[in-house]
Structure formats: C-alpha cells, structure tokens
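Note: the block below is structure_31.cif and it holds mmCIF, N, CA and C atoms.
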data_query
#
loop_
_atom_site.label_atom_id
_atom_site.label_comp_id
_atom_site.auth_asym_id
_atom_site.auth_seq_id
_atom_site.Cartn_x
_atom_site.Cartn_y
_atom_site.Cartn_z
N MET A 1135 -26.74 -46.49 30.22
CA MET A 1135 -27.83 -47.25 29.64
C MET A 1135 -28.35 -46.51 28.40
N PRO A 1136 -28.45 -47.19 27.25
CA PRO A 1136 -28.94 -46.54 26.02
C PRO A 1136 -30.39 -46.07 26.17
N LYS A 1137 -30.68 -44.96 25.52
CA LYS A 1137 -32.03 -44.38 25.53
C LYS A 1137 -32.63 -44.58 24.15
N THR A 1138 -33.85 -45.09 24.08
CA THR A 1138 -34.54 -45.28 22.81
C THR A 1138 -34.86 -43.93 22.19
N LEU A 1139 -34.61 -43.84 20.88
CA LEU A 1139 -34.89 -42.60 20.15
C LEU A 1139 -35.98 -42.83 19.12
N ASP A 1140 -36.71 -41.78 18.82
CA ASP A 1140 -37.68 -41.81 17.74
C ASP A 1140 -36.89 -41.85 16.42
N PRO A 1141 -37.29 -42.71 15.45
CA PRO A 1141 -36.57 -42.77 14.17
C PRO A 1141 -36.43 -41.42 13.47
N ALA A 1142 -37.44 -40.58 13.55
CA ALA A 1142 -37.36 -39.25 12.91
C ALA A 1142 -36.25 -38.41 13.53
N GLU A 1143 -36.03 -38.55 14.83
CA GLU A 1143 -34.96 -37.82 15.50
C GLU A 1143 -33.60 -38.44 15.16
N ALA A 1144 -33.55 -39.76 15.14
CA ALA A 1144 -32.29 -40.45 14.87
C ALA A 1144 -31.78 -40.18 13.46
N ILE A 1145 -32.68 -40.05 12.50
CA ILE A 1145 -32.26 -39.87 11.11
C ILE A 1145 -31.48 -38.57 10.91
N LYS A 1146 -31.70 -37.60 11.77
CA LYS A 1146 -30.96 -36.33 11.67
C LYS A 1146 -29.46 -36.55 11.80
N ARG A 1147 -29.04 -37.53 12.58
CA ARG A 1147 -27.62 -37.82 12.78
C ARG A 1147 -26.97 -38.41 11.54
N PHE A 1148 -27.79 -39.01 10.66
CA PHE A 1148 -27.26 -39.72 9.50
C PHE A 1148 -27.57 -39.00 8.19
N ALA A 1149 -28.11 -37.78 8.27
CA ALA A 1149 -28.55 -37.04 7.08
C ALA A 1149 -27.43 -36.78 6.09
N LYS A 1150 -26.21 -36.55 6.56
CA LYS A 1150 -25.10 -36.22 5.66
C LYS A 1150 -24.40 -37.45 5.11
N GLN A 1151 -24.75 -38.61 5.62
CA GLN A 1151 -24.14 -39.85 5.13
C GLN A 1151 -24.97 -40.39 3.97
N ASP A 1152 -24.30 -41.01 3.02
CA ASP A 1152 -24.99 -41.58 1.86
C ASP A 1152 -25.34 -43.03 2.15
N ILE A 1153 -26.38 -43.23 2.96
CA ILE A 1153 -26.79 -44.59 3.35
C ILE A 1153 -27.96 -45.03 2.49
N THR A 1154 -27.84 -46.23 1.92
CA THR A 1154 -28.95 -46.82 1.20
C THR A 1154 -29.39 -48.08 1.92
N VAL A 1155 -30.67 -48.39 1.79
CA VAL A 1155 -31.27 -49.54 2.44
C VAL A 1155 -31.88 -50.42 1.36
N GLN A 1156 -31.62 -51.72 1.45
CA GLN A 1156 -32.20 -52.65 0.49
C GLN A 1156 -33.62 -53.00 0.94
N VAL A 1157 -34.59 -52.70 0.05
CA VAL A 1157 -36.00 -52.92 0.35
C VAL A 1157 -36.54 -53.98 -0.60
N ALA A 1158 -37.27 -54.95 -0.05
CA ALA A 1158 -37.83 -56.03 -0.87
C ALA A 1158 -39.34 -55.89 -0.93
N THR A 1159 -39.89 -56.14 -2.12
CA THR A 1159 -41.34 -56.13 -2.30
C THR A 1159 -41.75 -57.44 -2.95
N PRO A 1160 -42.90 -58.01 -2.55
CA PRO A 1160 -43.37 -59.26 -3.15
C PRO A 1160 -43.60 -59.07 -4.65
N ALA A 1161 -43.24 -60.10 -5.43
CA ALA A 1161 -43.40 -60.02 -6.88
C ALA A 1161 -43.43 -61.43 -7.46
N LYS A 1162 -43.88 -61.54 -8.69
CA LYS A 1162 -43.81 -62.79 -9.43
C LYS A 1162 -42.47 -62.81 -10.16
N ILE A 1163 -41.74 -63.90 -10.01
CA ILE A 1163 -40.42 -64.05 -10.61
C ILE A 1163 -40.49 -65.09 -11.72
N LYS A 1164 -39.92 -64.78 -12.87
CA LYS A 1164 -39.90 -65.73 -13.99
C LYS A 1164 -38.93 -66.85 -13.68
N VAL A 1165 -39.37 -68.10 -13.91
CA VAL A 1165 -38.54 -69.27 -13.64
C VAL A 1165 -37.70 -69.57 -14.88
N LYS A 1166 -36.41 -69.81 -14.65
CA LYS A 1166 -35.50 -70.15 -15.74
C LYS A 1166 -34.96 -71.55 -15.53
N ASP A 1167 -34.62 -72.22 -16.63
CA ASP A 1167 -34.05 -73.56 -16.51
C ASP A 1167 -32.55 -73.48 -16.21
N ALA A 1168 -31.89 -74.63 -16.16
CA ALA A 1168 -30.47 -74.68 -15.81
C ALA A 1168 -29.60 -73.91 -16.80
N ASP A 1169 -30.06 -73.75 -18.04
CA ASP A 1169 -29.30 -73.03 -19.06
C ASP A 1169 -29.60 -71.54 -19.05
N GLY A 1170 -30.50 -71.10 -18.16
CA GLY A 1170 -30.84 -69.69 -18.07
C GLY A 1170 -31.94 -69.25 -19.01
N LYS A 1171 -32.60 -70.24 -19.65
CA LYS A 1171 -33.69 -69.91 -20.58
C LYS A 1171 -35.01 -69.83 -19.82
N ASP A 1172 -35.87 -68.90 -20.24
CA ASP A 1172 -37.17 -68.70 -19.62
C ASP A 1172 -38.04 -69.93 -19.85
N THR A 1173 -38.67 -70.46 -18.78
CA THR A 1173 -39.53 -71.63 -18.89
C THR A 1173 -40.99 -71.25 -19.13
N GLY A 1174 -41.32 -69.98 -19.01
CA GLY A 1174 -42.70 -69.53 -19.17
C GLY A 1174 -43.49 -69.64 -17.87
N LYS A 1175 -42.86 -70.11 -16.82
CA LYS A 1175 -43.53 -70.24 -15.52
C LYS A 1175 -43.11 -69.10 -14.60
N GLU A 1176 -43.92 -68.87 -13.58
CA GLU A 1176 -43.61 -67.85 -12.59
C GLU A 1176 -43.74 -68.45 -11.20
N ARG A 1177 -43.03 -67.84 -10.25
CA ARG A 1177 -43.13 -68.25 -8.85
C ARG A 1177 -43.19 -67.00 -7.99
N ASP A 1178 -43.66 -67.18 -6.77
CA ASP A 1178 -43.67 -66.06 -5.83
C ASP A 1178 -42.25 -65.79 -5.37
N GLY A 1179 -41.91 -64.53 -5.24
CA GLY A 1179 -40.58 -64.15 -4.79
C GLY A 1179 -40.57 -62.69 -4.39
N TYR A 1180 -39.39 -62.12 -4.40
CA TYR A 1180 -39.22 -60.72 -4.02
C TYR A 1180 -38.28 -60.02 -4.98
N LYS A 1181 -38.60 -58.78 -5.28
CA LYS A 1181 -37.70 -57.93 -6.03
C LYS A 1181 -37.12 -56.93 -5.04
N THR A 1182 -35.84 -56.68 -5.17
CA THR A 1182 -35.18 -55.76 -4.24
C THR A 1182 -34.67 -54.53 -4.97
N LYS A 1183 -34.60 -53.45 -4.22
CA LYS A 1183 -34.00 -52.23 -4.76
C LYS A 1183 -33.42 -51.44 -3.60
N ASP A 1184 -32.46 -50.61 -3.91
CA ASP A 1184 -31.85 -49.75 -2.90
C ASP A 1184 -32.58 -48.42 -2.86
N GLU A 1185 -32.88 -47.97 -1.65
CA GLU A 1185 -33.52 -46.68 -1.44
C GLU A 1185 -32.70 -45.87 -0.46
N LYS A 1186 -32.79 -44.57 -0.57
CA LYS A 1186 -32.09 -43.68 0.38
C LYS A 1186 -32.73 -43.84 1.76
N LEU A 1187 -31.91 -43.83 2.79
CA LEU A 1187 -32.38 -44.01 4.16
C LEU A 1187 -33.44 -42.98 4.53
N SER A 1188 -34.54 -43.46 5.11
CA SER A 1188 -35.58 -42.58 5.64
C SER A 1188 -36.02 -43.14 6.99
N ALA A 1189 -36.81 -42.40 7.72
CA ALA A 1189 -37.25 -42.82 9.05
C ALA A 1189 -38.01 -44.15 9.00
N GLU A 1190 -38.71 -44.41 7.91
CA GLU A 1190 -39.49 -45.64 7.77
C GLU A 1190 -38.59 -46.88 7.69
N HIS A 1191 -37.33 -46.69 7.34
CA HIS A 1191 -36.40 -47.81 7.20
C HIS A 1191 -35.73 -48.18 8.53
N ILE A 1192 -35.93 -47.40 9.57
CA ILE A 1192 -35.27 -47.63 10.85
C ILE A 1192 -36.16 -48.51 11.74
N LEU A 1193 -35.61 -49.68 12.12
CA LEU A 1193 -36.33 -50.58 13.02
C LEU A 1193 -36.12 -50.19 14.47
N ALA A 1194 -34.90 -49.81 14.81
CA ALA A 1194 -34.56 -49.45 16.18
C ALA A 1194 -33.52 -48.35 16.18
N ALA A 1195 -33.63 -47.47 17.15
CA ALA A 1195 -32.67 -46.37 17.31
C ALA A 1195 -32.44 -46.14 18.79
N ALA A 1196 -31.17 -45.94 19.13
CA ALA A 1196 -30.83 -45.70 20.54
C ALA A 1196 -29.70 -44.70 20.63
N LYS A 1197 -29.71 -43.95 21.72
CA LYS A 1197 -28.63 -42.99 22.00
C LYS A 1197 -27.89 -43.48 23.23
N ARG A 1198 -26.60 -43.68 23.07
CA ARG A 1198 -25.78 -44.14 24.19
C ARG A 1198 -25.42 -42.98 25.10
N ASP A 1199 -24.92 -43.32 26.28
CA ASP A 1199 -24.53 -42.30 27.27
C ASP A 1199 -23.45 -41.35 26.74
N ASN A 1200 -22.58 -41.85 25.83
CA ASN A 1200 -21.51 -41.01 25.29
C ASN A 1200 -21.98 -40.13 24.13
N GLY A 1201 -23.26 -40.18 23.78
CA GLY A 1201 -23.81 -39.32 22.74
C GLY A 1201 -23.92 -39.96 21.37
N THR A 1202 -23.32 -41.14 21.18
CA THR A 1202 -23.43 -41.78 19.87
C THR A 1202 -24.84 -42.32 19.67
N VAL A 1203 -25.26 -42.32 18.42
CA VAL A 1203 -26.57 -42.85 18.05
C VAL A 1203 -26.36 -44.08 17.19
N VAL A 1204 -27.09 -45.14 17.51
CA VAL A 1204 -27.00 -46.40 16.79
C VAL A 1204 -28.38 -46.72 16.22
N ILE A 1205 -28.42 -47.11 14.93
CA ILE A 1205 -29.68 -47.51 14.32
C ILE A 1205 -29.53 -48.89 13.68
N THR A 1206 -30.65 -49.58 13.57
CA THR A 1206 -30.73 -50.84 12.84
C THR A 1206 -31.79 -50.63 11.76
N THR A 1207 -31.44 -50.97 10.51
CA THR A 1207 -32.35 -50.74 9.39
C THR A 1207 -33.10 -52.02 9.02
N VAL A 1208 -34.12 -51.89 8.17
CA VAL A 1208 -34.96 -53.02 7.79
C VAL A 1208 -34.18 -54.12 7.08
N ASP A 1209 -33.03 -53.81 6.50
CA ASP A 1209 -32.24 -54.85 5.83
C ASP A 1209 -31.22 -55.49 6.78
N GLY A 1210 -31.31 -55.17 8.08
CA GLY A 1210 -30.47 -55.80 9.08
C GLY A 1210 -29.13 -55.15 9.34
N ARG A 1211 -28.83 -54.07 8.65
CA ARG A 1211 -27.56 -53.38 8.86
C ARG A 1211 -27.64 -52.46 10.07
N LYS A 1212 -26.47 -52.27 10.69
CA LYS A 1212 -26.39 -51.36 11.84
C LYS A 1212 -25.43 -50.23 11.49
N TYR A 1213 -25.78 -49.03 11.94
CA TYR A 1213 -24.96 -47.84 11.71
C TYR A 1213 -24.80 -47.10 13.02
N GLU A 1214 -23.66 -46.43 13.14
CA GLU A 1214 -23.38 -45.67 14.35
C GLU A 1214 -22.88 -44.28 13.95
N ALA A 1215 -23.42 -43.27 14.60
CA ALA A 1215 -22.98 -41.88 14.36
C ALA A 1215 -22.38 -41.36 15.65
N ALA A 1216 -21.31 -40.61 15.52
CA ALA A 1216 -20.62 -40.06 16.69
C ALA A 1216 -21.49 -39.08 17.45
N GLY A 1217 -20.94 -38.52 18.50
CA GLY A 1217 -21.67 -37.61 19.39
C GLY A 1217 -22.30 -36.42 18.71
N ALA A 1218 -22.74 -35.47 19.49
CA ALA A 1218 -23.51 -34.32 19.02
C ALA A 1218 -22.81 -33.50 17.95
N ALA A 1219 -21.50 -33.56 17.87
CA ALA A 1219 -20.78 -32.77 16.87
C ALA A 1219 -21.15 -33.16 15.45
N SER A 1220 -21.59 -34.41 15.23
CA SER A 1220 -21.91 -34.86 13.87
C SER A 1220 -23.40 -34.70 13.55
N ALA A 1221 -24.17 -34.18 14.47
CA ALA A 1221 -25.61 -34.02 14.24
C ALA A 1221 -25.86 -32.99 13.15
N ALA A 1222 -26.85 -33.28 12.31
CA ALA A 1222 -27.19 -32.35 11.23
C ALA A 1222 -27.83 -31.10 11.83
N ALA A 1223 -27.58 -29.99 11.20
CA ALA A 1223 -28.13 -28.72 11.70
C ALA A 1223 -29.59 -28.59 11.36
#

Show me, as structure tokens, the structure contained in the file I just sent.
Amino acid sequence: MPKTLDPAEAIKRFAKQDITVQVATPAKIKVKDADGKDTGKERDGYKTKDEKLSAEHILAAAKRDNGTVVITTVDGRKYEAAGAASAAA
C-alpha cells in the first residue's frame, strides 16, 4: 500500500532531474482578429511559463512498497523515481 509523503521530502528524489512545471497566472490577453491583427480589446485569460520543480508544485506524493516515489504536479504530469539508490544526498 502506498504511503503519502510530504512534498518537501518527495522533491529530494527528483533533485537531480531537470523537471519543469507549467504554471499559469491570470492575465489580460489581447484579442486578435482572424488575420492576427490586434483589435485593441482584451479578455481574461492565463499566461503560462515553465518553472523548475519545487515542493509547491507537487499536488500529491506517495512512496510505494518497492521504494519508488511517485508525484503529481500542478500541471497534471506524473513522475516516478526509482528506489532509495536514486535519492539525492
């Protein structure tokens, strides 16, 4: 049965991997017409950017019986790290 992990503890397993997470923030987006020209209007939307994985980006973390750690990030991606041998020092 998987054991729930604290995100701060789980992130240690992924420290050496180059994982980025897509983060969205509310913003005003310029509206363009069918030809791609600016209409001068704005609408509510989101701007996204990639950020390096941090504990705040982890929604769920679990450690399986075989030692692997699985995390789910705020952008919906899942990652798995092997047993204790891959843990960061």

Residues picked by the PyMOL selection byres (((chain A and resi 1183 and name CA) around 8) and name CA) here, as a PyMOL selection string?
chain A and resi 1156-1158+1181-1182+1184-1185

Identify all residues of chain A in alpha helix (DSSP H) (DSSP on the backbone) and supply them as a list in words.
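Selecting the alpha helix (DSSP H) positions of chain A gives Pro1141, Ala1142, Glu1143 and Ala1144 of chain A.
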
From A:Asp1169, A:Glu1214, A:Thr1154, A:Asp1178, residue lying nearest Ala1195 of chain A [only C-alpha atoms]
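Comparing A:Asp1169, A:Glu1214, A:Thr1154, A:Asp1178 against Ala1195 of chain A, the winner is A:Glu1214.
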
In file coordinates, which residues lie within 12 Å of (-26.5, -51.9, 12.4) using only C-alpha atoms, given as a count of residues only?
21

Apply the PyMOL selection byres ((chain A and resi 1189) around 8) to the displayed file and report the matching residues as a PyMOL selection string.
chain A and resi 1140-1145+1186-1188+1190-1193

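With atom CA of Met1135 of chain A on one side and atom C of Phe1148 of chain A on the other, the separation reads 23.0 Å.
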
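Atom pair atom CA of Arg1147 of chain A / atom CA of Thr1159 of chain A has a distance of 27.4 Å (rounded to one decimal).
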
For the atom pair atom N of Ala1168 of chain A and atom N of Tyr1180 of chain A, what is the interatomic distance in Å to one decimal place?
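Straight-line distance from atom N of Ala1168 of chain A to atom N of Tyr1180 of chain A works out to 18.7 Å.
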
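Once the PyMOL selection byres ((chain A and resi 1197) around 5) is applied to this file, the selection holds A:Pro1136, A:Lys1137, A:Thr1138, A:Leu1139, A:Ala1195, A:Ala1196, A:Arg1198, A:Asp1199, A:Thr1202, A:Val1203.
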
Take the residues just selected and output them with N, CA and C atoms as a CSV table (one decimal), keeping the file's coordinate frame.
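Wrote it out as out.csv, contents follow:
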chain,number,residue,atom,x,y,z
A,1136,PRO,N,-28.4,-47.2,27.2
A,1136,PRO,CA,-28.9,-46.5,26.0
A,1136,PRO,C,-30.4,-46.1,26.2
A,1137,LYS,N,-30.7,-45.0,25.5
A,1137,LYS,CA,-32.0,-44.4,25.5
A,1137,LYS,C,-32.6,-44.6,24.2
A,1138,THR,N,-33.8,-45.1,24.1
A,1138,THR,CA,-34.5,-45.3,22.8
A,1138,THR,C,-34.9,-43.9,22.2
A,1139,LEU,N,-34.6,-43.8,20.9
A,1139,LEU,CA,-34.9,-42.6,20.2
A,1139,LEU,C,-36.0,-42.8,19.1
A,1195,ALA,N,-33.6,-47.5,17.2
A,1195,ALA,CA,-32.7,-46.4,17.3
A,1195,ALA,C,-32.4,-46.1,18.8
A,1196,ALA,N,-31.2,-45.9,19.1
A,1196,ALA,CA,-30.8,-45.7,20.5
A,1196,ALA,C,-29.7,-44.7,20.6
A,1198,ARG,N,-26.6,-43.7,23.1
A,1198,ARG,CA,-25.8,-44.1,24.2
A,1198,ARG,C,-25.4,-43.0,25.1
A,1199,ASP,N,-24.9,-43.3,26.3
A,1199,ASP,CA,-24.5,-42.3,27.3
A,1199,ASP,C,-23.4,-41.4,26.7
A,1202,THR,N,-23.3,-41.1,21.2
A,1202,THR,CA,-23.4,-41.8,19.9
A,1202,THR,C,-24.8,-42.3,19.7
A,1203,VAL,N,-25.3,-42.3,18.4
A,1203,VAL,CA,-26.6,-42.8,18.0
A,1203,VAL,C,-26.4,-44.1,17.2

Can you list, as a list in words, every protein, DNA or RNA residue that comes within 7 Å of Gly1174 of chain A when you count all atoms listed in the file, leaving out same-chain residues fewer than 4 positions away?
Lys1164, Val1165 and Lys1166 of chain A

Could you pull out the strand (DSSP E) residues of chain A, going by DSSP on the backbone, and write them as a PyMOL selection string?
chain A and resi 1137-1138+1154-1166+1172-1186+1192-1197+1203-1207+1212-1215
